[in-house]
>>> print(open('start26.txt').read())   # compact mmCIF, C-alpha atoms
# COMPACT_ATOMS: atom_id res chain seq x y z
CA MET A 1 0.00 0.00 0.00
CA SER A 2 1.37 3.43 -0.94
CA ASP A 3 1.81 6.26 1.55
CA SER A 4 -1.09 8.17 0.03
CA GLN A 5 -3.34 5.11 0.29
CA ALA A 6 -2.26 4.55 3.89
CA THR A 7 -3.00 8.16 4.74
CA ALA A 8 -6.43 7.94 3.13
CA ALA A 9 -7.18 4.71 4.97
CA ALA A 10 -6.15 6.23 8.29
CA ALA A 11 -8.27 9.30 7.62
CA HIS A 12 -11.29 7.09 7.13
CA GLY A 13 -10.65 5.20 10.33
CA HIS A 14 -9.61 1.93 8.71
CA GLY A 15 -6.03 1.82 9.96
CA ALA A 16 -2.81 2.89 8.30
CA TYR A 17 -1.71 -0.63 7.50
CA MET A 18 -4.86 -2.10 5.95
CA GLU A 19 -3.84 -4.57 3.26
CA GLU A 20 -5.50 -4.56 -0.12
CA SER A 21 -7.53 -7.63 -1.03
CA PRO A 22 -5.50 -10.25 -2.94
CA TYR A 23 -8.69 -11.21 -4.77
CA ALA A 24 -10.77 -9.50 -7.44
CA ILE A 25 -13.25 -8.05 -4.92
CA PRO A 26 -12.75 -5.92 -1.79
CA SER A 27 -12.04 -7.78 1.44
CA ARG A 28 -15.25 -6.54 3.08
CA LYS A 29 -17.38 -7.92 0.23
CA LEU A 30 -15.51 -11.24 0.22
CA THR A 31 -16.02 -11.53 3.98
CA MET A 32 -19.74 -10.87 3.59
CA TRP A 33 -20.05 -13.49 0.84
CA LEU A 34 -18.29 -16.04 3.06
CA PHE A 35 -20.64 -15.19 5.91
CA ILE A 36 -23.68 -15.50 3.63
CA ILE A 37 -22.52 -18.90 2.39
CA SER A 38 -21.99 -20.20 5.94
CA ASP A 39 -25.31 -18.74 7.10
CA ALA A 40 -27.09 -20.26 4.10
CA VAL A 41 -25.76 -23.67 5.17
CA THR A 42 -27.15 -23.06 8.66
CA PHE A 43 -30.59 -22.10 7.41
CA GLY A 44 -30.54 -24.96 4.91
CA ALA A 45 -29.79 -27.48 7.66
CA VAL A 46 -32.51 -26.08 9.93
CA LEU A 47 -35.12 -26.09 7.17
CA MET A 48 -34.20 -29.61 6.07
CA ALA A 49 -34.52 -30.81 9.68
CA TYR A 50 -37.90 -29.12 9.87
CA GLY A 51 -39.02 -30.83 6.66
CA TYR A 52 -37.97 -34.22 8.00
CA LEU A 53 -39.82 -33.71 11.30
CA ARG A 54 -42.95 -32.57 9.50
CA VAL A 55 -43.03 -35.58 7.18
CA ALA A 56 -42.16 -38.02 9.96
CA SER A 57 -44.87 -36.76 12.33
CA SER A 58 -48.31 -38.23 11.78
CA ASP A 59 -50.04 -35.56 13.86
CA TRP A 60 -48.33 -32.46 12.51
CA PRO A 61 -50.76 -29.54 12.92
CA THR A 62 -51.94 -27.25 10.11
CA PRO A 63 -53.11 -24.24 12.13
CA PHE A 64 -52.79 -21.37 9.67
CA LYS A 65 -55.94 -19.88 8.18
CA PHE A 66 -55.92 -17.46 5.26
CA THR A 67 -57.12 -14.75 7.61
CA PRO A 68 -55.43 -13.55 9.63
CA SER A 69 -52.28 -15.74 9.41
CA ILE A 70 -51.58 -16.11 5.67
CA LEU A 71 -52.81 -12.59 4.90
CA ASN A 72 -50.41 -11.26 7.53
CA VAL A 73 -47.56 -13.28 5.98
CA MET A 74 -48.39 -11.87 2.54
CA ILE A 75 -48.19 -8.34 3.91
CA MET A 76 -44.90 -9.14 5.66
CA THR A 77 -43.51 -10.57 2.43
CA PHE A 78 -44.56 -7.48 0.46
CA VAL A 79 -42.90 -5.22 3.05
CA LEU A 80 -39.66 -7.21 2.98
CA ILE A 81 -39.50 -7.30 -0.83
CA THR A 82 -40.11 -3.56 -0.92
CA SER A 83 -37.26 -3.08 1.56
CA SER A 84 -34.95 -4.90 -0.86
CA LEU A 85 -35.93 -2.40 -3.56
CA THR A 86 -35.17 0.55 -1.29
CA MET A 87 -31.83 -1.02 -0.44
CA LEU A 88 -31.06 -1.34 -4.16
CA GLY A 89 -31.90 2.34 -4.50
CA ALA A 90 -29.53 3.15 -1.65
CA VAL A 91 -26.67 1.22 -3.28
CA ASP A 92 -27.20 2.89 -6.66
CA SER A 93 -27.43 6.35 -5.08
CA ALA A 94 -24.31 5.73 -3.00
CA LYS A 95 -22.34 4.78 -6.10
CA LEU A 96 -23.46 8.03 -7.71
CA GLY A 97 -22.31 9.96 -4.64
CA ASP A 98 -25.79 11.27 -3.78
CA LYS A 99 -25.68 11.22 0.03
CA ALA A 100 -29.12 12.72 0.57
CA LYS A 101 -30.85 10.18 -1.65
CA THR A 102 -28.82 7.32 -0.19
CA SER A 103 -29.84 8.40 3.30
CA ARG A 104 -33.52 8.48 2.35
CA PHE A 105 -33.36 5.00 0.85
CA LEU A 106 -31.44 3.57 3.83
CA TRP A 107 -33.83 5.01 6.40
CA SER A 108 -36.77 3.79 4.32
CA THR A 109 -35.24 0.31 4.48
CA VAL A 110 -34.91 0.63 8.25
CA LEU A 111 -38.57 1.65 8.52
CA LEU A 112 -39.76 -1.24 6.37
CA GLY A 113 -37.59 -3.67 8.34
CA ALA A 114 -39.09 -2.37 11.58
CA ILE A 115 -42.62 -2.80 10.17
CA PHE A 116 -41.78 -6.39 9.20
CA ALA A 117 -40.42 -7.08 12.69
CA GLY A 118 -43.50 -5.52 14.30
CA LEU A 119 -45.87 -7.65 12.21
CA HIS A 120 -43.82 -10.74 13.08
CA ILE A 121 -43.90 -10.03 16.81
CA ARG A 122 -47.65 -9.43 16.61
CA GLU A 123 -47.99 -12.84 14.95
CA TRP A 124 -45.93 -14.45 17.71
CA LEU A 125 -48.12 -12.88 20.38
CA GLY A 126 -51.20 -14.22 18.60
CA MET A 127 -49.71 -17.73 18.45
CA ILE A 128 -48.75 -17.57 22.11
CA GLY A 129 -52.27 -16.41 22.92
CA GLU A 130 -53.60 -19.55 21.24
CA GLY A 131 -51.43 -21.71 23.50
CA VAL A 132 -48.40 -22.36 21.29
CA ARG A 133 -45.18 -22.79 23.27
CA LEU A 134 -41.69 -24.08 22.49
CA PHE A 135 -42.61 -27.63 23.44
CA GLN A 136 -46.38 -27.71 23.31
CA ASN A 137 -49.35 -26.54 21.27
CA PRO A 138 -53.08 -27.25 21.36
CA TRP A 139 -53.29 -28.97 17.93
CA GLY A 140 -50.85 -31.88 17.58
CA SER A 141 -47.14 -32.61 17.60
CA SER A 142 -45.34 -30.67 20.32
CA LEU A 143 -42.41 -30.16 17.93
CA PHE A 144 -44.44 -27.66 15.92
CA GLY A 145 -43.97 -24.89 18.46
CA ALA A 146 -40.23 -25.54 18.78
CA THR A 147 -39.60 -25.52 15.02
CA PHE A 148 -41.89 -22.54 14.35
CA PHE A 149 -40.36 -20.27 16.98
CA CYS A 150 -36.78 -21.39 16.33
CA ILE A 151 -36.86 -20.92 12.54
CA THR A 152 -38.86 -17.70 12.47
CA GLY A 153 -36.92 -16.46 15.51
CA LEU A 154 -33.59 -17.08 13.79
CA HIS A 155 -34.78 -15.13 10.77
CA LEU A 156 -36.16 -12.34 12.93
CA LEU A 157 -32.79 -12.10 14.71
CA HIS A 158 -31.15 -11.56 11.31
CA VAL A 159 -33.69 -8.83 10.55
CA PHE A 160 -32.90 -7.03 13.82
CA CYS A 161 -29.15 -7.29 13.13
CA GLY A 162 -29.71 -5.95 9.63
CA ILE A 163 -31.71 -2.98 10.92
CA ILE A 164 -28.95 -2.09 13.38
CA ALA A 165 -26.28 -2.44 10.67
CA ILE A 166 -28.20 -0.23 8.24
CA ILE A 167 -28.69 2.46 10.90
CA VAL A 168 -24.95 2.51 11.59
CA VAL A 169 -24.08 2.59 7.89
CA ALA A 170 -26.65 5.32 7.19
CA ARG A 171 -25.23 7.59 9.87
CA LYS A 172 -21.57 6.98 9.01
CA PHE A 173 -22.10 7.27 5.25
CA ALA A 174 -23.86 10.59 5.78
CA ASN A 175 -20.87 12.03 7.64
CA GLY A 176 -18.35 10.58 5.20
CA SER A 177 -16.90 7.86 7.45
CA LEU A 178 -18.02 5.04 5.15
CA THR A 179 -18.05 4.59 1.39
CA ALA A 180 -20.47 3.28 -1.21
CA GLY A 181 -18.73 -0.09 -0.88
CA HIS A 182 -19.91 -0.36 2.71
CA VAL A 183 -23.48 0.38 1.64
CA GLU A 184 -23.24 -2.29 -1.05
CA THR A 185 -21.86 -4.87 1.39
CA THR A 186 -24.65 -4.18 3.86
CA GLY A 187 -27.11 -4.52 1.00
CA LEU A 188 -25.81 -8.02 0.26
CA TYR A 189 -26.69 -9.07 3.80
CA TRP A 190 -30.15 -7.52 3.61
CA HIS A 191 -30.94 -9.24 0.30
CA PHE A 192 -29.85 -12.54 1.84
CA VAL A 193 -32.29 -12.03 4.72
CA ASP A 194 -35.05 -11.41 2.17
CA LEU A 195 -34.08 -14.51 0.18
CA VAL A 196 -34.23 -16.73 3.26
CA TRP A 197 -37.76 -15.51 3.94
CA MET A 198 -38.79 -16.76 0.49
CA PHE A 199 -37.96 -20.29 1.70
CA VAL A 200 -39.48 -19.86 5.16
CA VAL A 201 -42.89 -18.80 3.86
CA PRO A 202 -43.75 -21.91 1.78
CA LEU A 203 -42.18 -24.40 4.21
CA ILE A 204 -43.51 -22.99 7.47
CA TYR A 205 -46.75 -21.32 6.42
CA LEU A 206 -48.11 -22.46 3.07
CA THR A 207 -47.66 -26.19 3.80
CA ASN A 208 -49.50 -25.74 7.10
CA ILE A 209 -52.65 -24.03 5.86
CA GLN A 210 -55.74 -25.32 7.63
CA HIS A 211 -57.90 -27.49 5.37
>>> encode(input="start26.txt", output="structure tokens")
Amino acid sequence: MSDSQATAAAAHGHGAYMEESPYAIPSRKLTMWLFIISDAVTFGAVLMAYGYLRVASSDWPTPFKFTPSILNVMIMTFVLITSSLTMLGAVDSAKLGDKAKTSRFLWSTVLLGAIFAGLHIREWLGMIGEGVRLFQNPWGSSLFGATFFCITGLHLLHVFCGIIAIIVVARKFANGSLTAGHVETTGLYWHFVDLVWMFVVPLIYLTNIQH
């Protein structure tokens, strides 16, 4: 790294001796891709285990009705997909150097993520009100509650982490501490969270619609 590059890196708070990536993409993006791959394996294993338990259980419950459960899930899905679009807008605006527009898109993504989380928590409270617990429920196999709360809870945790990350990036990008590359890397994580939800919905909800 040249002296000018080291000075620029230090000025941006990244350390004077930050090494350049030996690969074709920045280190931060490579790290995020590696995290996404490992996290995808985790979600894949959890969802496969869920599928096995569901098929192997003769008394697996199908508690979800179109209203309010499936309708609520459709709204949540729409909100999350829309948040991916606002994140794309933030990335494009950041690359163009438009801080004001990037900030608007990032905070819109935060708002949509918060709405999704609020709808999810409301759904949880409704399920708990019906008697669903981690190891019991009023309809059938006791494993339903454990798998439902664990899988949706793991995804919700990722949503909360994403919201916090976007807030930090939005504030630091606005004051010039972070670059468009940081916005793009955060966007990769957020799109991954959205993609996982596309697998959760059919496996957890649509296959358990009440007949």
>>> closest_atom_pairs(input="start26.txt", of="stretch 122-194 of chain A", to="stretch 48-72 of chain A", cutoff="12 Å", atoms="all atoms listed in the file", output="Markdown table")
| residue | atom | partner | partner_atom | distance |
| --- | --- | --- | --- | --- |
| A:Arg122 | CA | A:Asn72 | CA | 9.7 |
| A:Glu123 | CA | A:Ser69 | CA | 7.6 |
| A:Trp124 | CA | A:Ser69 | CA | 10.5 |
| A:Gly126 | CA | A:Ser69 | CA | 9.4 |
| A:Met127 | CA | A:Ser69 | CA | 9.6 |
| A:Glu130 | CA | A:Pro63 | CA | 10.3 |
| A:Gly131 | CA | A:Pro63 | CA | 11.8 |
| A:Val132 | CA | A:Pro63 | CA | 10.5 |
| A:Gln136 | CA | A:Pro61 | CA | 11.4 |
| A:Asn137 | CA | A:Pro61 | CA | 9.0 |
| A:Pro138 | CA | A:Pro61 | CA | 9.0 |
| A:Trp139 | CA | A:Pro61 | CA | 5.6 |
| A:Gly140 | CA | A:Pro61 | CA | 5.2 |
| A:Ser141 | CA | A:Trp60 | CA | 5.2 |
| A:Ser142 | CA | A:Trp60 | CA | 8.6 |
| A:Leu143 | CA | A:Leu53 | CA | 8.0 |
| A:Phe144 | CA | A:Trp60 | CA | 7.1 |
| A:Gly145 | CA | A:Pro61 | CA | 9.9 |
| A:Ala146 | CA | A:Tyr50 | CA | 9.9 |
| A:Thr147 | CA | A:Tyr50 | CA | 6.5 |
| A:Phe148 | CA | A:Tyr50 | CA | 8.9 |
| A:Phe149 | CA | A:Tyr50 | CA | 11.6 |
| A:Cys150 | CA | A:Tyr50 | CA | 10.1 |
| A:Ile151 | CA | A:Tyr50 | CA | 8.7 |
| A:Thr152 | CA | A:Tyr50 | CA | 11.8 |
>>> closest_residue(input="start26.txt", among="A:Leu80, A:Leu157, A:Leu34, A:Val183", to="A:Ser93", atoms="only C-alpha atoms")
A:Val183
>>> atom_distance(input="start26.txt", atom1="atom CA of A:Ile36", atom2="atom CA of A:Leu125")
29.7 Å
>>> atom_distance(input="start26.txt", atom1="atom CA of A:Trp197", atom2="atom CA of A:Ile121")
15.3 Å
>>> residues_around(input="start26.txt", residues="A:Phe199", least_positions_apart="6", cutoff="12 Å", atoms="all atoms listed in the file", output="ChimeraX atom specification")
/A:40,43-44,46-48,51,77,151-152,155,192-193,205-207
>>> atom_distance(input="start26.txt", atom1="atom CA of A:Ala90", atom2="atom CA of A:Arg104")
7.8 Å
>>> residues_near_point(input="start26.txt", point="(-26.1, 10.2, -1.0)", cutoff="12 Å", atoms="only C-alpha atoms", output="ChimeraX atom specification")
/A:89-107,169-176,178-180,183
>>> closest_residue(input="start26.txt", among="A:Ser27, A:His211, A:Ile163, A:Val201", to="A:Met74", atoms="all atoms listed in the file")
A:Val201
>>> closest_residue(input="start26.txt", among="A:Ala45, A:Ile81, A:Leu112, A:Val200", to="A:Ile166", atoms="only C-alpha atoms")
A:Leu112
>>> axis_aligned_box(input="start26.txt", around="stretch 181-188 of chain A", padding_each_side="3 Å", output="lines of an AutoDock Vina configuration file")
center_x = -22.9
center_y = -3.8
center_z = 1.4
size_x = 14.4
size_y = 14.4
size_z = 10.9
>>> closest_residue(input="start26.txt", among="A:Ala165, A:Ile75, A:Val41, A:Val159", to="A:Thr185", atoms="all atoms listed in the file")
A:Ala165
>>> closest_residue(input="start26.txt", among="A:Val110, A:Leu88, A:Ile115, A:Ile164", to="A:Met76", atoms="all atoms listed in the file")
A:Ile115
>>> closest_residue(input="start26.txt", among="A:Leu134, A:Ala114, A:Leu203, A:Ile209", to="A:Gly162", atoms="only C-alpha atoms")
A:Ala114
